[in-house]
$ cat structure_38.cif   # mmCIF, C-alpha atoms, pLDDT in the B column; chains and numbers go by the auth columns
data_coords
loop_
_atom_site.group_PDB
_atom_site.id
_atom_site.type_symbol
_atom_site.label_atom_id
_atom_site.label_comp_id
_atom_site.label_asym_id
_atom_site.label_seq_id
_atom_site.Cartn_x
_atom_site.Cartn_y
_atom_site.Cartn_z
_atom_site.B_iso_or_equiv
_atom_site.auth_seq_id
_atom_site.auth_asym_id
ATOM 1 C CA MET A 1 -12.330 -2.038 -25.292 84.00 21 R
ATOM 2 C CA THR A 2 -15.385 -4.283 -25.023 88.00 22 R
ATOM 3 C CA HIS A 3 -18.737 -3.033 -23.795 90.00 23 R
ATOM 4 C CA GLN A 4 -18.310 -5.191 -20.653 88.00 24 R
ATOM 5 C CA GLU A 5 -15.028 -3.443 -19.867 88.00 25 R
ATOM 6 C CA ARG A 6 -16.566 -0.040 -20.534 93.00 26 R
ATOM 7 C CA LEU A 7 -19.514 -0.831 -18.252 93.00 27 R
ATOM 8 C CA TYR A 8 -17.157 -2.052 -15.536 93.00 28 R
ATOM 9 C CA LYS A 9 -15.112 1.145 -15.773 95.00 29 R
ATOM 10 C CA ALA A 10 -18.259 3.295 -15.641 97.00 30 R
ATOM 11 C CA LEU A 11 -19.617 1.461 -12.579 97.00 31 R
ATOM 12 C CA LYS A 12 -16.222 1.599 -10.876 97.00 32 R
ATOM 13 C CA SER A 13 -15.963 5.338 -11.552 97.00 33 R
ATOM 14 C CA GLU A 14 -19.450 5.863 -10.122 97.00 34 R
ATOM 15 C CA CYS A 15 -18.489 4.013 -6.918 97.00 35 R
ATOM 16 C CA GLU A 16 -15.230 5.937 -6.622 98.00 36 R
ATOM 17 C CA ALA A 17 -17.058 9.247 -7.098 98.00 37 R
ATOM 18 C CA GLU A 18 -19.484 8.358 -4.304 98.00 38 R
ATOM 19 C CA ILE A 19 -16.565 7.444 -2.038 98.00 39 R
ATOM 20 C CA ASN A 20 -14.681 10.655 -2.822 98.00 40 R
ATOM 21 C CA GLU A 21 -17.728 12.862 -2.310 96.00 41 R
ATOM 22 C CA ALA A 22 -18.362 11.217 1.069 97.00 42 R
ATOM 23 C CA LEU A 23 -14.726 11.672 2.098 96.00 43 R
ATOM 24 C CA LEU A 24 -14.851 15.318 1.061 93.00 44 R
ATOM 25 C CA THR A 25 -17.979 15.894 3.143 90.00 45 R
ATOM 26 C CA MET A 26 -16.441 14.162 6.149 90.00 46 R
ATOM 27 C CA ASP A 27 -13.262 16.233 5.758 89.00 47 R
ATOM 28 C CA MET A 28 -15.318 19.423 5.639 85.00 48 R
ATOM 29 C CA CYS A 29 -17.307 18.399 8.717 83.00 49 R
ATOM 30 C CA MET A 30 -14.103 17.678 10.600 83.00 50 R
ATOM 31 C CA THR A 31 -11.983 20.635 9.523 85.00 51 R
ATOM 32 C CA LYS A 32 -14.040 23.369 7.849 74.00 52 R
ATOM 33 C CA ALA A 33 -16.890 24.298 10.160 66.00 53 R
ATOM 34 C CA THR A 34 -17.946 27.180 7.924 66.00 54 R
ATOM 35 C CA ALA A 35 -18.476 24.809 4.983 61.00 55 R
ATOM 36 C CA ILE A 36 -21.595 23.384 6.645 63.00 56 R
ATOM 37 C CA GLY A 37 -24.659 25.601 6.263 64.00 57 R
ATOM 38 C CA GLU A 38 -26.038 25.359 9.778 66.00 58 R
ATOM 39 C CA HIS A 39 -23.470 25.426 12.542 66.00 59 R
ATOM 40 C CA THR A 40 -25.341 23.340 15.091 73.00 60 R
ATOM 41 C CA SER A 41 -23.909 20.156 16.530 76.00 61 R
ATOM 42 C CA LYS A 42 -27.009 18.287 15.375 81.00 62 R
ATOM 43 C CA HIS A 43 -26.501 19.431 11.780 80.00 63 R
ATOM 44 C CA PHE A 44 -22.791 18.510 11.810 79.00 64 R
ATOM 45 C CA LEU A 45 -23.682 15.065 13.135 84.00 65 R
ATOM 46 C CA GLU A 46 -26.404 14.594 10.517 88.00 66 R
ATOM 47 C CA GLU A 47 -24.077 15.591 7.673 86.00 67 R
ATOM 48 C CA ALA A 48 -21.229 13.426 8.961 88.00 68 R
ATOM 49 C CA SER A 49 -23.603 10.495 9.437 94.00 69 R
ATOM 50 C CA LYS A 50 -24.948 10.846 5.880 95.00 70 R
ATOM 51 C CA ALA A 51 -21.379 11.002 4.579 95.00 71 R
ATOM 52 C CA LEU A 52 -20.459 7.881 6.545 96.00 72 R
ATOM 53 C CA ASP A 53 -23.472 6.059 5.086 97.00 73 R
ATOM 54 C CA ALA A 54 -22.471 7.155 1.577 97.00 74 R
ATOM 55 C CA LEU A 55 -18.863 6.097 2.178 97.00 75 R
ATOM 56 C CA THR A 56 -19.972 2.670 3.398 98.00 76 R
ATOM 57 C CA ASN A 57 -22.374 2.297 0.475 97.00 77 R
ATOM 58 C CA GLY A 58 -19.753 3.309 -2.097 97.00 78 R
ATOM 59 C CA ARG A 59 -17.121 0.949 -0.692 98.00 79 R
ATOM 60 C CA ASP A 60 -19.619 -1.912 -0.414 97.00 80 R
ATOM 61 C CA LYS A 61 -20.701 -1.405 -4.027 97.00 81 R
ATOM 62 C CA LEU A 62 -17.088 -1.263 -5.204 97.00 82 R
ATOM 63 C CA ASP A 63 -16.207 -4.443 -3.282 95.00 83 R
ATOM 64 C CA THR A 64 -19.288 -6.188 -4.689 95.00 84 R
ATOM 65 C CA LEU A 65 -18.460 -5.095 -8.235 95.00 85 R
ATOM 66 C CA GLU A 66 -14.871 -6.288 -7.953 93.00 86 R
ATOM 67 C CA SER A 67 -15.967 -9.625 -6.452 92.00 87 R
ATOM 68 C CA TYR A 68 -18.452 -10.076 -9.289 91.00 88 R
ATOM 69 C CA ILE A 69 -15.836 -9.319 -11.936 88.00 89 R
ATOM 70 C CA GLU A 70 -13.324 -11.721 -10.369 83.00 90 R
ATOM 71 C CA GLY A 71 -15.859 -14.546 -10.463 82.00 91 R
ATOM 72 C CA SER A 72 -17.424 -13.693 -13.804 79.00 92 R
ATOM 73 C CA SER A 73 -16.809 -15.707 -16.935 72.00 93 R
ATOM 74 C CA LEU A 74 -17.370 -12.537 -18.985 66.00 94 R
ATOM 75 C CA PHE A 75 -13.859 -11.410 -18.219 66.00 95 R
ATOM 76 C CA ASN A 76 -10.694 -13.274 -19.020 60.00 96 R
ATOM 77 C CA LYS A 77 -8.910 -13.881 -15.693 53.00 97 R
ATOM 78 C CA GLN A 78 -5.551 -12.986 -17.287 49.00 98 R
ATOM 79 C CA GLN A 79 -6.872 -9.763 -18.775 54.00 99 R
ATOM 80 C CA LYS A 80 -6.088 -6.713 -16.680 52.00 100 R
ATOM 81 C CA LEU A 81 -8.732 -4.024 -16.901 55.00 101 R
ATOM 82 C CA ASN A 82 -7.461 -0.524 -17.441 56.00 102 R
ATOM 83 C CA ASP A 83 -8.062 1.643 -14.377 51.00 103 R
#
$ encode --input "structure_38.cif" --output "structure tokens"
Amino acid sequence: MTHQERLYKALKSECEAEINEALLTMDMCMTKATAIGEHTSKHFLEEASKALDALTNGRDKLDTLESYIEGSSLFNKQQKLND
């Protein structure tokens, strides 16, 4: 595996981790009220809003990374990166 492929995989994993953490937080806000420290509606909204921002950020970064890789001459277009 080349260092470009390894870097791609590391960046992709980082984006996916951010997405999964945000989804977990949103799931907890929606279904596990006791998982959130303060049980006020304001706190639930703040936590859900932060999770939504993180989800959007993670997906945007992943989309940007994949668009960059598709258009990059560093990667052979026929080469399939291992997920």
$ resolve_selection --input "structure_38.cif" --expression "the PyMOL selection byres ((chain R and resi 67) around 10)" --output "JSON, numbers by chain"
{"R": [42, 45, 46, 48, 49, 56, 61, 62, 63, 64, 65, 66, 68, 69, 70, 71, 72, 73]}
$ write_last_selection --input "structure_38.cif" --atoms "C-alpha atoms" --output "compact mmCIF listing (two decimals), in the coordinates of the input"
# COMPACT_ATOMS: atom_id res chain seq x y z
CA ALA R 42 -18.36 11.22 1.07
CA THR R 45 -17.98 15.89 3.14
CA MET R 46 -16.44 14.16 6.15
CA MET R 48 -15.32 19.42 5.64
CA CYS R 49 -17.31 18.40 8.72
CA ILE R 56 -21.60 23.38 6.64
CA SER R 61 -23.91 20.16 16.53
CA LYS R 62 -27.01 18.29 15.38
CA HIS R 63 -26.50 19.43 11.78
CA PHE R 64 -22.79 18.51 11.81
CA LEU R 65 -23.68 15.06 13.14
CA GLU R 66 -26.40 14.59 10.52
CA ALA R 68 -21.23 13.43 8.96
CA SER R 69 -23.60 10.50 9.44
CA LYS R 70 -24.95 10.85 5.88
CA ALA R 71 -21.38 11.00 4.58
CA LEU R 72 -20.46 7.88 6.54
CA ASP R 73 -23.47 6.06 5.09
$ residues_around --input "structure_38.cif" --residues "Gly78 of chain R" --least-positions-apart "6" --cutoff "12 Å" --atoms "all atoms listed in the file" --output "list in words"
Leu31, Lys32, Ser33, Glu34, Cys35, Glu36, Ala37, Glu38, Ile39, Asn40, Glu41, Ala42, Leu43, Ala71, Leu72, Thr84 and Leu85 of chain R
$ atom_distance --input "structure_38.cif" --atom1 "atom CA of Leu44 of chain R" --atom2 "atom CA of Lys81 of chain R"
18.4 Å
$ atom_distance --input "structure_38.cif" --atom1 "atom CA of Ala30 of chain R" --atom2 "atom CA of Asn77 of chain R"
16.7 Å
$ atom_distance --input "structure_38.cif" --atom1 "atom CA of Met21 of chain R" --atom2 "atom CA of Asp83 of chain R"
22.5 Å
$ closest_residue --input "structure_38.cif" --among "R:Thr60, R:Gln24, R:Thr76, R:Lys52" --to "Ser93 of chain R" --atoms "only C-alpha atoms"
R:Gln24
$ axis_aligned_box --input "structure_38.cif" --around "segment 22-28 of chain R" --padding-each-side "5 Å" --output "AutoDock Vina command-line options"
--center_x -17.3 --center_y -2.6 --center_z -20.3 --size_x 14.5 --size_y 15.2 --size_z 19.5
